[in-house]
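*Asks:* Here you go, work-v2.cif (mmCIF, C-alpha atoms and all ligand atoms):
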data_final
#
loop_
_atom_site.group_PDB
_atom_site.id
_atom_site.type_symbol
_atom_site.label_atom_id
_atom_site.label_comp_id
_atom_site.auth_asym_id
_atom_site.auth_seq_id
_atom_site.Cartn_x
_atom_site.Cartn_y
_atom_site.Cartn_z
ATOM 1 C CA MET A 1 71.026 100.448 104.644
ATOM 2 C CA SER A 2 74.315 99.808 102.871
ATOM 3 C CA LYS A 3 77.289 98.603 104.862
ATOM 4 C CA VAL A 4 80.116 101.139 104.989
ATOM 5 C CA ALA A 5 83.477 99.969 103.624
ATOM 6 C CA LEU A 6 86.670 101.941 104.218
ATOM 7 C CA VAL A 7 89.455 101.152 101.744
ATOM 8 C CA THR A 8 92.781 102.829 102.484
ATOM 9 C CA GLY A 9 94.810 103.851 99.451
ATOM 10 C CA GLY A 10 91.758 103.414 97.243
ATOM 11 C CA THR A 11 93.172 105.739 94.610
ATOM 12 C CA GLY A 12 95.964 103.274 93.766
ATOM 13 C CA GLY A 13 95.886 100.401 91.290
ATOM 14 C CA ILE A 14 94.635 97.563 93.478
ATOM 15 C CA GLY A 15 92.681 99.982 95.710
ATOM 16 C CA THR A 16 90.640 101.299 92.778
ATOM 17 C CA ALA A 17 89.645 97.760 91.790
ATOM 18 C CA ILE A 18 88.702 96.959 95.396
ATOM 19 C CA CYS A 19 86.566 100.117 95.675
ATOM 20 C CA GLN A 20 84.850 99.291 92.378
ATOM 21 C CA ARG A 21 84.121 95.702 93.384
ATOM 22 C CA LEU A 22 82.788 96.601 96.826
ATOM 23 C CA ALA A 23 80.599 99.341 95.310
ATOM 24 C CA ASP A 24 79.279 96.805 92.776
ATOM 25 C CA ASN A 25 78.462 94.521 95.727
ATOM 26 C CA GLY A 26 76.326 97.219 97.372
ATOM 27 C CA PHE A 27 78.727 98.710 99.915
ATOM 28 C CA LYS A 28 78.927 102.433 100.581
ATOM 29 C CA VAL A 29 82.603 102.880 99.731
ATOM 30 C CA ILE A 30 84.867 105.454 101.304
ATOM 31 C CA THR A 31 88.561 105.834 100.789
ATOM 32 C CA THR A 32 91.540 107.775 102.026
ATOM 33 C CA TYR A 33 93.799 109.903 99.908
ATOM 34 C CA PHE A 34 97.323 110.981 100.596
ATOM 35 C CA GLU A 35 98.035 112.790 97.340
ATOM 36 C CA PRO A 36 96.893 116.400 96.753
ATOM 37 C CA GLU A 37 93.121 116.833 97.139
ATOM 38 C CA GLU A 38 92.637 117.944 93.507
ATOM 39 C CA GLN A 39 94.262 114.758 92.260
ATOM 40 C CA ALA A 40 92.081 112.605 94.517
ATOM 41 C CA LYS A 41 88.923 114.447 93.435
ATOM 42 C CA ALA A 42 89.849 113.965 89.785
ATOM 43 C CA TRP A 43 90.317 110.262 90.489
ATOM 44 C CA ALA A 44 86.882 110.031 92.161
ATOM 45 C CA GLU A 45 85.193 111.854 89.282
ATOM 46 C CA ALA A 46 86.747 109.445 86.781
ATOM 47 C CA GLN A 47 85.188 106.415 88.509
ATOM 48 C CA ASN A 48 81.812 105.010 87.551
ATOM 49 C CA PHE A 49 80.851 104.349 91.161
ATOM 50 C CA ASP A 50 80.163 106.547 94.178
ATOM 51 C CA VAL A 51 83.057 106.998 96.552
ATOM 52 C CA ASP A 52 83.646 109.458 99.415
ATOM 53 C CA LEU A 53 87.144 110.763 100.021
ATOM 54 C CA TYR A 54 88.899 111.520 103.322
ATOM 55 C CA PRO A 55 92.438 112.849 103.678
ATOM 56 C CA CYS A 56 94.601 110.567 105.786
ATOM 57 C CA ASP A 57 98.196 109.575 106.281
ATOM 58 C CA VAL A 58 97.796 106.000 107.474
ATOM 59 C CA SER A 59 101.319 106.023 108.900
ATOM 60 C CA ASP A 60 100.293 108.720 111.384
ATOM 61 C CA TYR A 61 98.032 107.861 114.334
ATOM 62 C CA GLU A 62 96.662 111.389 114.827
ATOM 63 C CA SER A 63 95.783 111.626 111.153
ATOM 64 C CA CYS A 64 93.759 108.410 111.554
ATOM 65 C CA VAL A 65 91.989 109.862 114.606
ATOM 66 C CA HIS A 66 90.888 112.832 112.483
ATOM 67 C CA MET A 67 89.782 110.510 109.710
ATOM 68 C CA ARG A 68 87.638 108.558 112.199
ATOM 69 C CA GLU A 69 85.994 111.737 113.488
ATOM 70 C CA HIS A 70 85.085 112.839 109.963
ATOM 71 C CA ILE A 71 83.889 109.428 108.841
ATOM 72 C CA LEU A 72 81.766 108.800 111.938
ATOM 73 C CA ALA A 73 80.246 112.293 111.658
ATOM 74 C CA ASP A 74 79.246 111.577 108.037
ATOM 75 C CA HIS A 75 78.429 107.859 108.097
ATOM 76 C CA GLY A 76 77.982 106.842 111.730
ATOM 77 C CA ARG A 77 80.014 103.650 111.484
ATOM 78 C CA VAL A 78 82.467 101.556 109.504
ATOM 79 C CA ASP A 79 81.591 97.903 108.844
ATOM 80 C CA VAL A 80 84.506 96.905 106.633
ATOM 81 C CA ILE A 81 88.151 97.963 106.602
ATOM 82 C CA VAL A 82 90.493 97.074 103.774
ATOM 83 C CA ASN A 83 94.009 98.085 104.805
ATOM 84 C CA ASN A 84 95.399 98.446 101.300
ATOM 85 C CA ALA A 85 97.642 101.550 101.392
ATOM 86 C CA GLY A 86 101.266 100.585 100.981
ATOM 87 C CA ILE A 87 104.619 101.656 99.626
ATOM 88 C CA THR A 88 107.968 100.193 98.646
ATOM 89 C CA ARG A 89 111.379 101.714 99.321
ATOM 90 C CA ASP A 90 113.623 98.967 98.002
ATOM 91 C CA GLY A 91 117.341 98.589 98.510
ATOM 92 C CA LYS A 92 119.971 96.004 99.347
ATOM 93 C CA PHE A 93 120.041 95.636 103.148
ATOM 94 C CA THR A 94 123.517 97.086 103.633
ATOM 95 C CA ARG A 95 122.497 100.200 101.714
ATOM 96 C CA LEU A 96 118.993 100.522 103.181
ATOM 97 C CA THR A 97 118.675 103.775 105.116
ATOM 98 C CA PRO A 98 116.820 104.100 108.432
ATOM 99 C CA GLU A 99 114.417 106.481 106.614
ATOM 100 C CA LYS A 100 113.498 103.823 104.028
ATOM 101 C CA TRP A 101 113.092 101.227 106.766
ATOM 102 C CA LYS A 102 110.833 103.461 108.847
ATOM 103 C CA ALA A 103 108.755 104.708 105.913
ATOM 104 C CA VAL A 104 107.855 101.168 104.870
ATOM 105 C CA MET A 105 107.236 99.903 108.403
ATOM 106 C CA SER A 106 105.027 102.852 109.326
ATOM 107 C CA THR A 107 103.005 102.913 106.091
ATOM 108 C CA ASN A 108 102.638 99.153 105.659
ATOM 109 C CA LEU A 109 102.484 97.882 109.249
ATOM 110 C CA ASP A 110 101.902 100.668 111.819
ATOM 111 C CA SER A 111 98.982 101.650 109.595
ATOM 112 C CA LEU A 112 97.094 98.473 110.488
ATOM 113 C CA PHE A 113 97.175 99.478 114.145
ATOM 114 C CA ASN A 114 96.490 103.160 113.369
ATOM 115 C CA VAL A 115 93.422 102.463 111.231
ATOM 116 C CA CYS A 116 91.921 99.415 112.967
ATOM 117 C CA HIS A 117 92.283 101.063 116.380
ATOM 118 C CA GLN A 118 89.767 103.674 115.266
ATOM 119 C CA PHE A 119 86.958 101.285 114.354
ATOM 120 C CA VAL A 120 87.343 97.801 115.893
ATOM 121 C CA GLU A 121 85.483 98.695 119.081
ATOM 122 C CA GLY A 122 82.546 99.973 117.011
ATOM 123 C CA MET A 123 82.545 96.752 115.010
ATOM 124 C CA THR A 124 82.497 94.518 118.085
ATOM 125 C CA GLU A 125 79.703 96.611 119.625
ATOM 126 C CA ASN A 126 77.683 96.249 116.404
ATOM 127 C CA GLY A 127 78.413 92.510 116.281
ATOM 128 C CA PHE A 128 79.664 92.722 112.715
ATOM 129 C CA GLY A 129 82.914 93.595 110.987
ATOM 130 C CA ARG A 130 85.192 92.539 108.165
ATOM 131 C CA ILE A 131 88.867 93.493 108.160
ATOM 132 C CA VAL A 132 91.121 92.591 105.237
ATOM 133 C CA ASN A 133 94.825 93.385 105.352
ATOM 134 C CA ILE A 134 96.662 93.510 102.042
ATOM 135 C CA ALA A 135 100.073 91.901 102.514
ATOM 136 C CA SER A 136 102.254 90.439 99.756
ATOM 137 C CA ILE A 137 103.834 87.309 98.348
ATOM 138 C CA ASN A 138 107.121 88.855 99.488
ATOM 139 C CA GLY A 139 105.919 88.804 103.094
ATOM 140 C CA GLN A 140 105.417 85.047 102.681
ATOM 141 C CA LYS A 141 108.614 84.081 100.871
ATOM 142 C CA GLY A 142 110.943 87.055 101.535
ATOM 143 C CA GLN A 143 112.555 89.039 98.747
ATOM 144 C CA ALA A 144 116.122 90.267 98.400
ATOM 145 C CA GLY A 145 116.168 94.051 98.249
ATOM 146 C CA GLN A 146 113.000 94.233 100.351
ATOM 147 C CA THR A 147 113.927 93.460 103.967
ATOM 148 C CA ASN A 148 111.742 96.378 105.039
ATOM 149 C CA TYR A 149 108.766 95.454 102.845
ATOM 150 C CA SER A 150 109.002 91.695 103.524
ATOM 151 C CA ALA A 151 109.166 92.309 107.283
ATOM 152 C CA ALA A 152 106.207 94.690 107.250
ATOM 153 C CA LYS A 153 104.072 92.394 105.092
ATOM 154 C CA ALA A 154 104.933 89.287 107.158
ATOM 155 C CA GLY A 155 104.052 91.330 110.234
ATOM 156 C CA ALA A 156 100.712 92.200 108.704
ATOM 157 C CA HIS A 157 99.637 88.561 108.808
ATOM 158 C CA GLY A 158 100.814 88.212 112.408
ATOM 159 C CA PHE A 159 98.593 91.186 113.204
ATOM 160 C CA THR A 160 95.717 89.527 111.321
ATOM 161 C CA MET A 161 95.954 86.273 113.285
ATOM 162 C CA ALA A 162 96.233 87.966 116.679
ATOM 163 C CA LEU A 163 93.380 90.422 116.132
ATOM 164 C CA ALA A 164 91.236 87.667 114.599
ATOM 165 C CA GLN A 165 91.505 85.741 117.880
ATOM 166 C CA GLU A 166 90.544 88.777 119.950
ATOM 167 C CA VAL A 167 87.342 89.502 118.032
ATOM 168 C CA VAL A 168 86.353 86.014 116.878
ATOM 169 C CA ARG A 169 83.266 85.824 119.090
ATOM 170 C CA LYS A 170 82.034 89.318 118.193
ATOM 171 C CA GLY A 171 81.063 88.786 114.544
ATOM 172 C CA VAL A 172 84.252 90.383 113.285
ATOM 173 C CA THR A 173 86.577 88.530 110.921
ATOM 174 C CA VAL A 174 90.159 89.504 110.138
ATOM 175 C CA ASN A 175 91.979 88.083 107.138
ATOM 176 C CA THR A 176 95.017 88.726 104.976
ATOM 177 C CA VAL A 177 95.231 88.763 101.194
ATOM 178 C CA SER A 178 98.746 88.283 99.814
ATOM 179 C CA PRO A 179 98.890 89.338 96.175
ATOM 180 C CA GLY A 180 101.660 88.327 93.848
ATOM 181 C CA TYR A 181 103.042 90.772 91.290
ATOM 182 C CA THR A 182 100.089 92.753 89.971
ATOM 183 C CA GLY A 183 99.994 95.232 87.094
ATOM 184 C CA THR A 184 99.874 98.563 88.949
ATOM 185 C CA ASP A 185 102.130 101.640 89.126
ATOM 186 C CA MET A 186 104.050 99.939 91.955
ATOM 187 C CA VAL A 187 105.150 97.135 89.617
ATOM 188 C CA MET A 188 105.346 99.213 86.434
ATOM 189 C CA ALA A 189 107.940 101.346 88.308
ATOM 190 C CA ILE A 190 110.293 98.342 88.347
ATOM 191 C CA ARG A 191 112.928 98.464 85.569
ATOM 192 C CA GLU A 192 111.550 96.718 82.471
ATOM 193 C CA ASP A 193 114.265 94.046 82.202
ATOM 194 C CA ILE A 194 113.807 93.147 85.888
ATOM 195 C CA ARG A 195 110.031 93.137 85.467
ATOM 196 C CA ASP A 196 110.371 90.728 82.523
ATOM 197 C CA MET A 197 112.463 88.418 84.713
ATOM 198 C CA ILE A 198 109.813 88.587 87.427
ATOM 199 C CA ILE A 199 107.059 87.683 84.954
ATOM 200 C CA ASP A 200 109.180 84.799 83.676
ATOM 201 C CA GLY A 201 109.287 83.477 87.259
ATOM 202 C CA ILE A 202 105.500 83.429 87.584
ATOM 203 C CA PRO A 203 104.177 80.008 86.522
ATOM 204 C CA MET A 204 101.179 81.685 84.822
ATOM 205 C CA LYS A 205 103.669 83.896 82.912
ATOM 206 C CA ARG A 206 101.731 87.075 83.560
ATOM 207 C CA LEU A 207 101.107 89.729 86.174
ATOM 208 C CA GLY A 208 97.948 89.578 88.238
ATOM 209 C CA LYS A 209 95.114 91.943 87.415
ATOM 210 C CA PRO A 210 93.945 94.326 90.157
ATOM 211 C CA GLU A 211 90.418 92.951 89.605
ATOM 212 C CA GLU A 212 91.648 89.454 90.466
ATOM 213 C CA ILE A 213 92.913 90.686 93.829
ATOM 214 C CA ALA A 214 89.723 92.677 94.393
ATOM 215 C CA ALA A 215 87.604 89.555 93.838
ATOM 216 C CA VAL A 216 89.339 87.757 96.719
ATOM 217 C CA VAL A 217 88.965 90.799 98.963
ATOM 218 C CA ALA A 218 85.281 91.111 98.079
ATOM 219 C CA PHE A 219 84.669 87.487 99.034
ATOM 220 C CA LEU A 220 86.306 88.020 102.434
ATOM 221 C CA CYS A 221 84.100 91.094 102.981
ATOM 222 C CA SER A 222 80.935 89.191 102.133
ATOM 223 C CA ASP A 223 78.466 87.352 104.344
ATOM 224 C CA ASP A 224 79.574 84.141 102.583
ATOM 225 C CA ALA A 225 82.959 84.439 104.315
ATOM 226 C CA ALA A 226 81.497 84.531 107.839
ATOM 227 C CA PHE A 227 83.379 81.348 108.864
ATOM 228 C CA VAL A 228 86.752 82.512 107.470
ATOM 229 C CA THR A 229 89.035 84.307 109.892
ATOM 230 C CA GLY A 230 92.766 84.534 110.544
ATOM 231 C CA ALA A 231 93.418 83.215 107.039
ATOM 232 C CA ASN A 232 95.985 84.327 104.485
ATOM 233 C CA TYR A 233 94.662 84.102 100.935
ATOM 234 C CA ALA A 234 97.395 84.044 98.296
ATOM 235 C CA ALA A 235 96.673 85.254 94.753
ATOM 236 C CA ASN A 236 99.974 84.993 92.942
ATOM 237 C CA GLY A 237 99.695 82.991 89.726
ATOM 238 C CA GLY A 238 101.300 79.965 91.389
ATOM 239 C CA GLN A 239 104.559 81.766 92.195
ATOM 240 C CA HIS A 240 104.555 80.720 95.846
ATOM 241 C CA MET A 241 102.570 77.931 97.481
ATOM 242 C CA HIS A 242 102.566 77.067 101.139
HETATM 243 P P1 LIG B 301 99.774 101.866 94.367
HETATM 244 O O1 LIG B 301 101.119 102.511 94.511
HETATM 245 O O2 LIG B 301 99.101 101.876 93.047
HETATM 246 O O3 LIG B 301 98.768 102.469 95.458
HETATM 247 C C1 LIG B 301 99.155 102.648 96.785
HETATM 248 C C2 LIG B 301 98.100 103.459 97.483
HETATM 249 O O4 LIG B 301 98.522 103.655 98.842
HETATM 250 C C3 LIG B 301 97.907 104.848 96.867
HETATM 251 O O5 LIG B 301 96.533 105.170 96.853
HETATM 252 C C4 LIG B 301 98.638 105.749 97.850
HETATM 253 O O6 LIG B 301 98.095 107.040 97.936
HETATM 254 C C5 LIG B 301 98.368 105.033 99.155
HETATM 255 N N1 LIG B 301 99.303 105.455 100.201
HETATM 256 C C6 LIG B 301 100.644 105.377 100.190
HETATM 257 N N2 LIG B 301 101.153 105.883 101.331
HETATM 258 C C7 LIG B 301 100.084 106.307 102.072
HETATM 259 C C8 LIG B 301 99.947 106.900 103.353
HETATM 260 N N3 LIG B 301 100.997 107.174 104.134
HETATM 261 N N4 LIG B 301 98.698 107.194 103.776
HETATM 262 C C9 LIG B 301 97.627 106.927 103.018
HETATM 263 N N5 LIG B 301 97.685 106.348 101.813
HETATM 264 C C10 LIG B 301 98.911 106.039 101.336
HETATM 265 O O7 LIG B 301 100.006 100.385 94.903
HETATM 266 P P2 LIG B 301 99.233 99.023 94.571
HETATM 267 O O8 LIG B 301 97.834 99.273 94.200
HETATM 268 O O9 LIG B 301 100.097 98.237 93.675
HETATM 269 O O10 LIG B 301 99.325 98.316 96.005
HETATM 270 C C11 LIG B 301 98.234 98.253 96.905
HETATM 271 C C12 LIG B 301 98.616 97.319 98.043
HETATM 272 O O11 LIG B 301 98.898 96.033 97.523
HETATM 273 C C13 LIG B 301 99.868 97.753 98.806
HETATM 274 O O12 LIG B 301 99.714 97.497 100.171
HETATM 275 C C14 LIG B 301 100.952 96.880 98.211
HETATM 276 O O13 LIG B 301 102.021 96.700 99.102
HETATM 277 C C15 LIG B 301 100.174 95.602 97.969
HETATM 278 N N6 LIG B 301 100.765 94.724 96.977
HETATM 279 C C16 LIG B 301 100.926 95.131 95.685
HETATM 280 C C17 LIG B 301 101.476 94.283 94.768
HETATM 281 C C18 LIG B 301 101.682 94.665 93.351
HETATM 282 O O14 LIG B 301 102.296 93.880 92.632
HETATM 283 N N7 LIG B 301 101.197 95.807 92.888
HETATM 284 C C19 LIG B 301 101.899 92.924 95.132
HETATM 285 C C20 LIG B 301 101.672 92.600 96.511
HETATM 286 C C21 LIG B 301 101.113 93.479 97.386
HETATM 287 P P3 LIG B 301 98.729 108.253 97.100
HETATM 288 O O15 LIG B 301 98.695 107.849 95.669
HETATM 289 O O16 LIG B 301 97.812 109.346 97.469
HETATM 290 O O17 LIG B 301 100.131 108.412 97.623
#
What would the structure in this file look like if it were written as structure tokens?

*Replies:*
Amino acid sequence: MSKVALVTGGTGGIGTAICQRLADNGFKVITTYFEPEEQAKAWAEAQNFDVDLYPCDVSDYESCVHMREHILADHGRVDVIVNNAGITRDGKFTRLTPEKWKAVMSTNLDSLFNVCHQFVEGMTENGFGRIVNIASINGQKGQAGQTNYSAAKAGAHGFTMALAQEVVRKGVTVNTVSPGYTGTDMVMAIREDIRDMIIDGIPMKRLGKPEEIAAVVAFLCSDDAAFVTGANYAANGGQHMH
């Protein structure tokens, strides 16, 4: 029987590549959508792999409880979680509003608690689980204009390390992947002249491809990665090394 992989925000740029890669590797892939149902269904129909869709706002605990009930009713369990859903609400700190701060913290950090809390007990009972949290280069090095995003993404790896220790003897691994700038809507929304400056600052002189991030995630979800836990894998074209 296929292992069940839940990818949050699978309809986005990096999420789509992760869903594709996990499906190629034999997982039963399910994903959340936040956008209107019609849009999510159109996305699913356009893919060349099977994917089940569940509505969920990962920033909202009750919404995640409902998602769990639906997923467990349909699939019985979740073996893999990729916490990929995320947003940016950039702004210089002095002009950052409490709303922008809270939106980024709840979607990018509270979500790890909200989603993992639904399934970790099941994973430890089954003696198997893979959790991958998608953070960011800007959680590792900080980024002006992103105090909210940098804090949430740095927090994500703290969450990874702590949870990894709690479940280390139960067959469950927890890791972080920190992508650098990757060619998705999130980055294409940045003003072109600023984006060009960003690319110039990447030693490889290009954006990452969603597939390149997905490949790292897929490794961490595989049996080959059984001895890897609490780690933070960077994939950033050499822009930040530590
Ligand atoms: P996209 O904007 O393309 O996709 C984001 C996804 O998250 C969408 O599917 C979106 O759903 C979903 N989402 C947003 N808010 C919620 C919510 N409250 N509940 C459920 N789902 C939600 O982003 P990317 O693919 O670029 O980014 C994916 C991850 O990678 C993010 O965590 C991001 O921070 C991280 N990252 C991205 C980098 C990049 O350069 N692109 C670099 C470093 C990290 P919907 O469309 O329905 O709103």

*Asks:* Find the residues of chain A that sit at most 7 Å from ligand LIG 301 (chain B); for each, write down the nearest two atoms and how far apart they are in Å, to one decimal. Count all atoms listed in the file. Sort by chain, then by number going up, and give it as JSON lines.

*Replies:*
{"residue": "A:Thr8", "atom": "CA", "partner": "B:LIG301", "partner_atom": "N5", "distance": 6.1}
{"residue": "A:Gly9", "atom": "CA", "partner": "B:LIG301", "partner_atom": "O5", "distance": 3.4}
{"residue": "A:Gly10", "atom": "CA", "partner": "B:LIG301", "partner_atom": "O5", "distance": 5.1}
{"residue": "A:Thr11", "atom": "CA", "partner": "B:LIG301", "partner_atom": "O5", "distance": 4.1}
{"residue": "A:Gly12", "atom": "CA", "partner": "B:LIG301", "partner_atom": "O3", "distance": 3.4}
{"residue": "A:Gly13", "atom": "CA", "partner": "B:LIG301", "partner_atom": "O8", "distance": 3.7}
{"residue": "A:Ile14", "atom": "CA", "partner": "B:LIG301", "partner_atom": "O8", "distance": 3.7}
{"residue": "A:Gly15", "atom": "CA", "partner": "B:LIG301", "partner_atom": "O8", "distance": 5.4}
{"residue": "A:Thr32", "atom": "CA", "partner": "B:LIG301", "partner_atom": "C9", "distance": 6.2}
{"residue": "A:Tyr33", "atom": "CA", "partner": "B:LIG301", "partner_atom": "O16", "distance": 4.7}
{"residue": "A:Phe34", "atom": "CA", "partner": "B:LIG301", "partner_atom": "O16", "distance": 3.6}
{"residue": "A:Glu35", "atom": "CA", "partner": "B:LIG301", "partner_atom": "O16", "distance": 3.5}
{"residue": "A:Cys56", "atom": "CA", "partner": "B:LIG301", "partner_atom": "C9", "distance": 5.5}
{"residue": "A:Asp57", "atom": "CA", "partner": "B:LIG301", "partner_atom": "N4", "distance": 3.5}
{"residue": "A:Val58", "atom": "CA", "partner": "B:LIG301", "partner_atom": "N4", "distance": 4.0}
{"residue": "A:Ser59", "atom": "CA", "partner": "B:LIG301", "partner_atom": "N3", "distance": 4.9}
{"residue": "A:Asn84", "atom": "CA", "partner": "B:LIG301", "partner_atom": "O12", "distance": 4.6}
{"residue": "A:Ala85", "atom": "CA", "partner": "B:LIG301", "partner_atom": "O4", "distance": 3.4}
{"residue": "A:Gly86", "atom": "CA", "partner": "B:LIG301", "partner_atom": "O12", "distance": 3.5}
{"residue": "A:Ile87", "atom": "CA", "partner": "B:LIG301", "partner_atom": "C6", "distance": 5.5}
{"residue": "A:Thr88", "atom": "CA", "partner": "B:LIG301", "partner_atom": "O13", "distance": 6.9}
{"residue": "A:Thr107", "atom": "CA", "partner": "B:LIG301", "partner_atom": "N3", "distance": 5.1}
{"residue": "A:Asn108", "atom": "CA", "partner": "B:LIG301", "partner_atom": "O12", "distance": 6.4}
{"residue": "A:Ile134", "atom": "CA", "partner": "B:LIG301", "partner_atom": "O12", "distance": 5.4}
{"residue": "A:Ala135", "atom": "CA", "partner": "B:LIG301", "partner_atom": "C21", "distance": 5.5}
{"residue": "A:Ser136", "atom": "CA", "partner": "B:LIG301", "partner_atom": "C20", "distance": 3.9}
{"residue": "A:Ile137", "atom": "CA", "partner": "B:LIG301", "partner_atom": "C20", "distance": 6.0}
{"residue": "A:Ser178", "atom": "CA", "partner": "B:LIG301", "partner_atom": "C20", "distance": 6.2}
{"residue": "A:Pro179", "atom": "CA", "partner": "B:LIG301", "partner_atom": "C20", "distance": 4.3}
{"residue": "A:Gly180", "atom": "CA", "partner": "B:LIG301", "partner_atom": "C19", "distance": 4.8}
{"residue": "A:Tyr181", "atom": "CA", "partner": "B:LIG301", "partner_atom": "O14", "distance": 3.5}
{"residue": "A:Thr182", "atom": "CA", "partner": "B:LIG301", "partner_atom": "O14", "distance": 3.6}
{"residue": "A:Gly183", "atom": "CA", "partner": "B:LIG301", "partner_atom": "N7", "distance": 5.9}
{"residue": "A:Thr184", "atom": "CA", "partner": "B:LIG301", "partner_atom": "O9", "distance": 4.7}
{"residue": "A:Asp185", "atom": "CA", "partner": "B:LIG301", "partner_atom": "O2", "distance": 5.0}
{"residue": "A:Met186", "atom": "CA", "partner": "B:LIG301", "partner_atom": "O9", "distance": 4.6}
{"residue": "A:Val187", "atom": "CA", "partner": "B:LIG301", "partner_atom": "O14", "distance": 5.3}

*Asks:* Please, could you write that set of residues out with C-alpha atoms as a PDB file, in the frame of the given file?

*Replies:*
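So the final result, stored in part_37.pdb, reads:
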ATOM      1  CA  THR A   8      92.781 102.829 102.484  1.00  0.00           C
ATOM      2  CA  GLY A   9      94.810 103.851  99.451  1.00  0.00           C
ATOM      3  CA  GLY A  10      91.758 103.414  97.243  1.00  0.00           C
ATOM      4  CA  THR A  11      93.172 105.739  94.610  1.00  0.00           C
ATOM      5  CA  GLY A  12      95.964 103.274  93.766  1.00  0.00           C
ATOM      6  CA  GLY A  13      95.886 100.401  91.290  1.00  0.00           C
ATOM      7  CA  ILE A  14      94.635  97.563  93.478  1.00  0.00           C
ATOM      8  CA  GLY A  15      92.681  99.982  95.710  1.00  0.00           C
ATOM      9  CA  THR A  32      91.540 107.775 102.026  1.00  0.00           C
ATOM     10  CA  TYR A  33      93.799 109.903  99.908  1.00  0.00           C
ATOM     11  CA  PHE A  34      97.323 110.981 100.596  1.00  0.00           C
ATOM     12  CA  GLU A  35      98.035 112.790  97.340  1.00  0.00           C
ATOM     13  CA  CYS A  56      94.601 110.567 105.786  1.00  0.00           C
ATOM     14  CA  ASP A  57      98.196 109.575 106.281  1.00  0.00           C
ATOM     15  CA  VAL A  58      97.796 106.000 107.474  1.00  0.00           C
ATOM     16  CA  SER A  59     101.319 106.023 108.900  1.00  0.00           C
ATOM     17  CA  ASN A  84      95.399  98.446 101.300  1.00  0.00           C
ATOM     18  CA  ALA A  85      97.642 101.550 101.392  1.00  0.00           C
ATOM     19  CA  GLY A  86     101.266 100.585 100.981  1.00  0.00           C
ATOM     20  CA  ILE A  87     104.619 101.656  99.626  1.00  0.00           C
ATOM     21  CA  THR A  88     107.968 100.193  98.646  1.00  0.00           C
ATOM     22  CA  THR A 107     103.005 102.913 106.091  1.00  0.00           C
ATOM     23  CA  ASN A 108     102.638  99.153 105.659  1.00  0.00           C
ATOM     24  CA  ILE A 134      96.662  93.510 102.042  1.00  0.00           C
ATOM     25  CA  ALA A 135     100.073  91.901 102.514  1.00  0.00           C
ATOM     26  CA  SER A 136     102.254  90.439  99.756  1.00  0.00           C
ATOM     27  CA  ILE A 137     103.834  87.309  98.348  1.00  0.00           C
ATOM     28  CA  SER A 178      98.746  88.283  99.814  1.00  0.00           C
ATOM     29  CA  PRO A 179      98.890  89.338  96.175  1.00  0.00           C
ATOM     30  CA  GLY A 180     101.660  88.327  93.848  1.00  0.00           C
ATOM     31  CA  TYR A 181     103.042  90.772  91.290  1.00  0.00           C
ATOM     32  CA  THR A 182     100.089  92.753  89.971  1.00  0.00           C
ATOM     33  CA  GLY A 183      99.994  95.232  87.094  1.00  0.00           C
ATOM     34  CA  THR A 184      99.874  98.563  88.949  1.00  0.00           C
ATOM     35  CA  ASP A 185     102.130 101.640  89.126  1.00  0.00           C
ATOM     36  CA  MET A 186     104.050  99.939  91.955  1.00  0.00           C
ATOM     37  CA  VAL A 187     105.150  97.135  89.617  1.00  0.00           C
TER      38      VAL A 187
END

*Asks:* I'd like the interatomic distance between atom CA of A:Gly145 and atom CA of A:Cys116, to a tenth of an Å.

*Replies:*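 Calculated distance between atom CA of A:Gly145 and atom CA of A:Cys116 is 28.9 Å.
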
*Asks:* Residues near A:Asn232, anyone? I mean within 12 Å using only C-alpha atoms, not counting same-chain ones fewer than 2 positions away, as an NGL selection string.

*Replies:* :A and (132-137 or 139-140 or 153-154 or 156-161 or 164 or 174-179 or 216-217 or 220 or 228-230 or 234-235 or 241-242)

*Asks:* What separation in Å, quoted to one decimal, exists between atom CA of A:Arg195 and atom CA of A:Thr94?

*Replies:*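 Here the two named atoms are 23.0 Å from each other.
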
*Asks:* Of the candidates A:Ser222, A:Gln239, A:Val82, A:Ala214, which shows the shortest atom-to-atom distance to A:Asp200, using all atoms listed in the file?

*Replies:*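 The shortest atom-to-atom distance to A:Asp200 comes from A:Gln239.
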
*Asks:* One decimal, Å: what's the distance from atom CA of A:Gly127 over to atom CA of A:Val65, could you say?

*Replies:* 22.1 Å

*Asks:* Applying the PyMOL selection byres (((chain A and resi 17-27) around 7) and not hetatm) to the file I just gave you, which residues come out? Please list them as an mmCIF file with C-alpha atoms, in the frame of the given file.

*Replies:*
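Okay, selection.cif is ready:
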data_model
loop_
_atom_site.group_PDB
_atom_site.id
_atom_site.type_symbol
_atom_site.label_atom_id
_atom_site.label_comp_id
_atom_site.auth_asym_id
_atom_site.auth_seq_id
_atom_site.Cartn_x
_atom_site.Cartn_y
_atom_site.Cartn_z
ATOM 1 C CA SER A 2 74.315 99.808 102.871
ATOM 2 C CA LYS A 3 77.289 98.603 104.862
ATOM 3 C CA VAL A 4 80.116 101.139 104.989
ATOM 4 C CA ALA A 5 83.477 99.969 103.624
ATOM 5 C CA VAL A 7 89.455 101.152 101.744
ATOM 6 C CA GLY A 10 91.758 103.414 97.243
ATOM 7 C CA GLY A 13 95.886 100.401 91.290
ATOM 8 C CA ILE A 14 94.635 97.563 93.478
ATOM 9 C CA GLY A 15 92.681 99.982 95.710
ATOM 10 C CA THR A 16 90.640 101.299 92.778
ATOM 11 C CA LYS A 28 78.927 102.433 100.581
ATOM 12 C CA VAL A 29 82.603 102.880 99.731
ATOM 13 C CA PHE A 49 80.851 104.349 91.161
ATOM 14 C CA PRO A 210 93.945 94.326 90.157
ATOM 15 C CA GLU A 211 90.418 92.951 89.605
ATOM 16 C CA ALA A 214 89.723 92.677 94.393
ATOM 17 C CA ALA A 218 85.281 91.111 98.079
#
